[in-house]
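What follows is one structure encoded as structure tokens, with my remarks underneath.
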Amino acid sequence: MLRNSLVTGSVVILLYLVGVFVPVFAETSSFNEGKRAFQRGDYRKAVQAFELARKHGETRVALYYNLGVSYYKLGNFDDARINFEIVARNTRMAGLAHYNLGLVARKQNKRDVAISEFKLVSKTTRDEKLIILADRNLEALYSYQGIWRGAVLARFGYDTNVTAAATDQPAGSSPFLSLGAYADYLIRGTRDDGLYFTGDVSLLDYTAQDEDQNSVQGGIKKTLSVDKYKTHYAGYFSSSTYRGSAYQNILRLEGGARNDYAADASFRLHYRYDNISSLNTAYDYLQGWRQRLRVERRGYGKQDRTRMYYELELNDRQDPNYSPTRHTVRGVYSSNLSGTWGWDGDISFRFSDYHLRDDQRLRLSLTVSRRLDADLKLQARIRHSNNNSTDPVYTYNSNEVWAGVSYYY
């Protein structure tokens, strides 16, 4: 069902460009005849007319694009590929050409070629909707049993006021190194309706503060499409160390649903339950449970994306002083500056009601990224946090900067 909807969406793009993009140029009679034939659904006549226009000396990129579309509609994928490859030489239309070359490769069952073409879309266009369509095709292509997918990352930075994981108190400044890896493996089905294993590992080392944290997590996730909703259900188990010693085990259960209620927007619900047990008597006061419920809206523009959500967090720990009720409101704006450069602006406000104090945290961040190729990305971030508390011990400001690299496979 996913694959059919993607192909349908691509045809809409093709028809749109035949009718709208072409009139920018002066038109020959053969070219006009080809357009009219295409709009009638007479693709053989359209090919004949467009080829005649080419023989008469027509060289505009729209001609080769429309030839590619017409051959594609006739099922002549070799000729469609030849014409789209010519279109790909045009900088302004390269992204669209690579997208359609990906569709042609899928029709010819050339999976590796299709993946390569769809990955080139984000490098050659700023059209966010086209990038999203390419990503969805990639998602479908990766939705084969036995396929691994994941990422590895490395970041080096500096924090002017590290927050202690076990107490939430400021601990001082320090450089840090963060390493992480994520992977999932489709056991059966597809990404939208299947079962797969997922796991991750993270290491965080502060060179000037005794606040190092490491964790490993693994679990099973089930996805299921129900009418207009894409849902998931998962169970995970994680174990962590803190300051070089055993820290916590967490059993996590979660579920979520997504509704793409418009072509450029989606609504999401997400729930998570954590059962936390201590591996060190020094941190027994943190044992208990934590629940989070999030309501979110995402928007997808031509060159930008938006994300807004509200999250409620409830805690029941052994020590009531570490059992906050939290309310978080967050907004993220992302934009493509070019085919390879992008940036994110992020603002969030969190109110925490503890047993004996109230905290208010404002956090602002700016991230700049550059794709080196389809799988490799460089990023840099600056983040400012301001936490005000009715207990002065927990009042602090911090600024964190880091640069890093991510590799996706």
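Labeling convention for the structure tokens: chains A, B, ... as they appear, residues from 1 per chain, ligands from 1 in order of appearance.
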Problem - Those of range 275-363 of chain A in DSSP strand (DSSP E or B), formatted as a PyMOL selection string - result: chain A and resi 275-278+288-300+304-317+325-336+341-353+358-363
Exercise for the section: Please provide the set of residues having any atom within 12 Å of Ser29 in chain A, restricted to only C-alpha atoms, with same-chain residues fewer than 3 positions apart removed, written as JSON, numbers by chain. Expected result: {"A": [26, 32, 33, 34, 35, 36, 49, 50, 52, 53, 54, 56, 58]}
Exercise for the section: Write out as a PyMOL selection string each polymer residue whose atoms come within 10 Å of Tyr409 in chain A, counting only C-alpha atoms; drop sequence neighbours fewer than 4 positions from it. Expected result: chain A and resi 148-152+183+374-376
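Shortest atom-to-atom contact with Ser389 in chain A among A:Gln287, A:Ile82, A:Asp168, A:Asp184: A:Asp168, counting only C-alpha atoms.
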Fill in the blank from the handout: Nearest to Leu103 in chain A, restricted to only C-alpha atoms and choosing among A:Gly404, A:Gly180, A:Gly194, A:Gly68, comes out as A:Gly68
Exercise for the section: Identify all residues of range 92-199 of chain A in helix (DSSP H, G or I) (DSSP on the backbone) and supply them as a ChimeraX atom specification. Expected result: /A:92-107,111-124,128-141
Now that the selection is made, can you save its residues with C-alpha atoms as a PDB file, in the first residue's frame?
```pdb
ATOM      1  CA  ARG A  92      17.559  23.758 -11.108  1.00  0.00           C
ATOM      2  CA  MET A  93      15.851  20.441 -11.916  1.00  0.00           C
ATOM      3  CA  ALA A  94      18.494  17.956 -10.710  1.00  0.00           C
ATOM      4  CA  GLY A  95      16.596  17.018  -7.542  1.00  0.00           C
ATOM      5  CA  LEU A  96      13.417  16.213  -9.463  1.00  0.00           C
ATOM      6  CA  ALA A  97      15.400  14.263 -12.061  1.00  0.00           C
ATOM      7  CA  HIS A  98      17.111  12.118  -9.424  1.00  0.00           C
ATOM      8  CA  TYR A  99      13.755  11.482  -7.766  1.00  0.00           C
ATOM      9  CA  ASN A 100      12.283  10.209 -11.027  1.00  0.00           C
ATOM     10  CA  LEU A 101      15.432   8.208 -11.791  1.00  0.00           C
ATOM     11  CA  GLY A 102      14.807   6.537  -8.434  1.00  0.00           C
ATOM     12  CA  LEU A 103      11.252   5.701  -9.498  1.00  0.00           C
ATOM     13  CA  VAL A 104      12.536   4.259 -12.773  1.00  0.00           C
ATOM     14  CA  ALA A 105      15.092   2.117 -10.919  1.00  0.00           C
ATOM     15  CA  ARG A 106      12.351   0.796  -8.619  1.00  0.00           C
ATOM     16  CA  LYS A 107      10.278  -0.195 -11.636  1.00  0.00           C
ATOM     17  CA  ARG A 111      17.157  -1.537  -5.570  1.00  0.00           C
ATOM     18  CA  ASP A 112      20.709  -0.293  -5.030  1.00  0.00           C
ATOM     19  CA  VAL A 113      20.421   2.194  -7.912  1.00  0.00           C
ATOM     20  CA  ALA A 114      17.078   3.445  -6.587  1.00  0.00           C
ATOM     21  CA  ILE A 115      18.537   3.990  -3.114  1.00  0.00           C
ATOM     22  CA  SER A 116      21.459   5.931  -4.590  1.00  0.00           C
ATOM     23  CA  GLU A 117      19.151   8.166  -6.678  1.00  0.00           C
ATOM     24  CA  PHE A 118      16.744   8.913  -3.820  1.00  0.00           C
ATOM     25  CA  LYS A 119      19.668   9.796  -1.543  1.00  0.00           C
ATOM     26  CA  LEU A 120      20.859  12.341  -4.136  1.00  0.00           C
ATOM     27  CA  VAL A 121      17.555  14.246  -3.912  1.00  0.00           C
ATOM     28  CA  SER A 122      18.389  15.942  -0.586  1.00  0.00           C
ATOM     29  CA  LYS A 123      21.780  16.990  -1.989  1.00  0.00           C
ATOM     30  CA  THR A 124      20.422  18.595  -5.156  1.00  0.00           C
ATOM     31  CA  GLU A 128      11.250  19.916   1.201  1.00  0.00           C
ATOM     32  CA  LYS A 129       8.188  18.091  -0.110  1.00  0.00           C
ATOM     33  CA  LEU A 130      10.300  16.364  -2.755  1.00  0.00           C
ATOM     34  CA  ILE A 131      12.869  15.428  -0.107  1.00  0.00           C
ATOM     35  CA  ILE A 132      10.090  13.949   2.055  1.00  0.00           C
ATOM     36  CA  LEU A 133       8.806  11.878  -0.900  1.00  0.00           C
ATOM     37  CA  ALA A 134      12.335  10.620  -1.548  1.00  0.00           C
ATOM     38  CA  ASP A 135      12.752   9.730   2.129  1.00  0.00           C
ATOM     39  CA  ARG A 136       9.484   7.790   2.076  1.00  0.00           C
ATOM     40  CA  ASN A 137      10.688   5.831  -0.943  1.00  0.00           C
ATOM     41  CA  LEU A 138      13.908   5.097   0.919  1.00  0.00           C
ATOM     42  CA  GLU A 139      11.846   3.951   3.891  1.00  0.00           C
ATOM     43  CA  ALA A 140       9.987   1.529   1.634  1.00  0.00           C
ATOM     44  CA  LEU A 141      13.199   0.294   0.032  1.00  0.00           C
TER      45      LEU A 141
END
```
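Nearest to Lys377 in chain A of all the residues A:Arg305, A:Arg155, A:Arg44, A:Lys110 is A:Arg155, counting only C-alpha atoms.
In this model, the gap between CA of Arg381 in chain A and CA of Asn336 in chain A comes to 15.9 Å.
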Practice task
In Å, rounded to a single decimal, give me how far CA of Asn386 in chain A is from CA of Gly244 in chain A.
Solution key: 28.3 Å
Exercise for the section: Choose the residue, out of A:Tyr247, A:Phe197, A:Tyr182, A:Phe237, that has the smallest atom-to-atom separation from Glu211 in chain A; count only C-alpha atoms. Expected result: A:Tyr247
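You will find CA of Asp159 in chain A at 9.1 Å from CA of Tyr206 in chain A.
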Problem - Non-local contacts of Tyr261 in chain A (12 Å; only C-alpha atoms; under 6 positions in same chain excluded) as a VMD selection string - result: chain A and resid 227 to 230 267 to 268 297 to 299
Please produce a file of those selected residues containing C-alpha atoms, as a PDB file, in the first residue's frame.
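Listing of result_19.pdb after writing:
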```pdb
ATOM      1  CA  ASP A 227      -6.921   3.163   8.852  1.00  0.00           C
ATOM      2  CA  LYS A 228      -5.401   6.689   8.793  1.00  0.00           C
ATOM      3  CA  TYR A 229      -3.107   6.061  11.749  1.00  0.00           C
ATOM      4  CA  LYS A 230       0.404   4.678  11.904  1.00  0.00           C
ATOM      5  CA  PHE A 267      -0.590  14.944  14.422  1.00  0.00           C
ATOM      6  CA  ARG A 268       1.140  12.626  16.897  1.00  0.00           C
ATOM      7  CA  ARG A 297       2.059  18.632  15.590  1.00  0.00           C
ATOM      8  CA  ARG A 298       4.573  18.595  12.746  1.00  0.00           C
ATOM      9  CA  GLY A 299       4.426  20.732   9.618  1.00  0.00           C
TER      10      GLY A 299
END
```
Practice task
Would you list the contacts of range 272-274 of chain A as a VMD selection string, taking every protein, DNA or RNA residue within 10 Å and counting only C-alpha atoms, but skipping same-chain residues closer than 3 positions in sequence?
Solution key: chain A and resid 233 to 237 249 to 256 277 288 to 294 313 to 315
With C-alpha atoms retained, export the selected residues as a compact mmCIF listing (two decimals), in the first residue's frame.
```
# COMPACT_ATOMS: atom_id res chain seq x y z
CA TYR A 233 4.20 -0.36 20.46
CA ALA A 234 7.56 -1.15 22.05
CA GLY A 235 9.30 -2.60 25.06
CA TYR A 236 12.94 -1.86 25.97
CA PHE A 237 15.42 -2.71 28.67
CA ASN A 249 18.16 -0.51 35.12
CA ILE A 250 15.08 0.78 33.30
CA LEU A 251 12.22 -1.26 31.87
CA ARG A 252 10.46 0.93 29.29
CA LEU A 253 7.07 0.48 27.64
CA GLU A 254 5.81 2.92 25.03
CA GLY A 255 3.21 3.44 22.36
CA GLY A 256 2.35 6.08 19.82
CA SER A 277 15.45 0.27 39.65
CA GLY A 288 10.24 4.24 41.13
CA TRP A 289 8.40 5.06 37.94
CA ARG A 290 8.13 7.88 35.42
CA GLN A 291 5.39 8.50 32.84
CA ARG A 292 5.38 10.88 29.90
CA LEU A 293 2.53 11.84 27.59
CA ARG A 294 3.20 14.01 24.53
CA GLU A 313 5.68 14.09 32.98
CA LEU A 314 4.67 12.35 36.21
CA ASN A 315 7.09 10.76 38.71
```
Handout entry: Residues within 10 Å of Phe38 in chain A, only C-alpha atoms, excluding chain neighbours under 4 positions, as a PyMOL selection string
Key = chain A and resi 15+18-19+32-34+42-47+49+66+69-70+73
Go ahead and write the residues just picked, C-alpha atoms, as a tab-separated table (two decimals), in the first residue's frame.
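Result saved to result-v8.tsv:
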```tsv
chain	number	residue	atom	x	y	z
A	15	LEU	CA	1.54	15.98	-14.46
A	18	VAL	CA	3.98	19.30	-17.69
A	19	GLY	CA	1.20	21.81	-17.25
A	32	ASN	CA	2.32	21.98	-27.88
A	33	GLU	CA	0.93	18.92	-29.65
A	34	GLY	CA	2.90	16.69	-27.28
A	42	ASP	CA	-2.29	9.52	-25.31
A	43	TYR	CA	1.31	8.94	-24.26
A	44	ARG	CA	2.41	7.33	-27.54
A	45	LYS	CA	1.28	10.39	-29.45
A	46	ALA	CA	2.98	12.59	-26.86
A	47	VAL	CA	6.28	10.76	-27.39
A	49	ALA	CA	5.34	14.82	-30.91
A	66	ASN	CA	8.37	15.55	-20.64
A	69	VAL	CA	7.56	11.33	-18.16
A	70	SER	CA	5.86	10.06	-21.31
A	73	LYS	CA	3.89	6.30	-18.47
```
Fill in the blank from the handout: Residue with the minimum atom-to-atom distance to Ala282 in chain A, picked from A:Val405, A:Val368, A:Ala166, A:Val216 with only C-alpha atoms counted, is A:Ala166
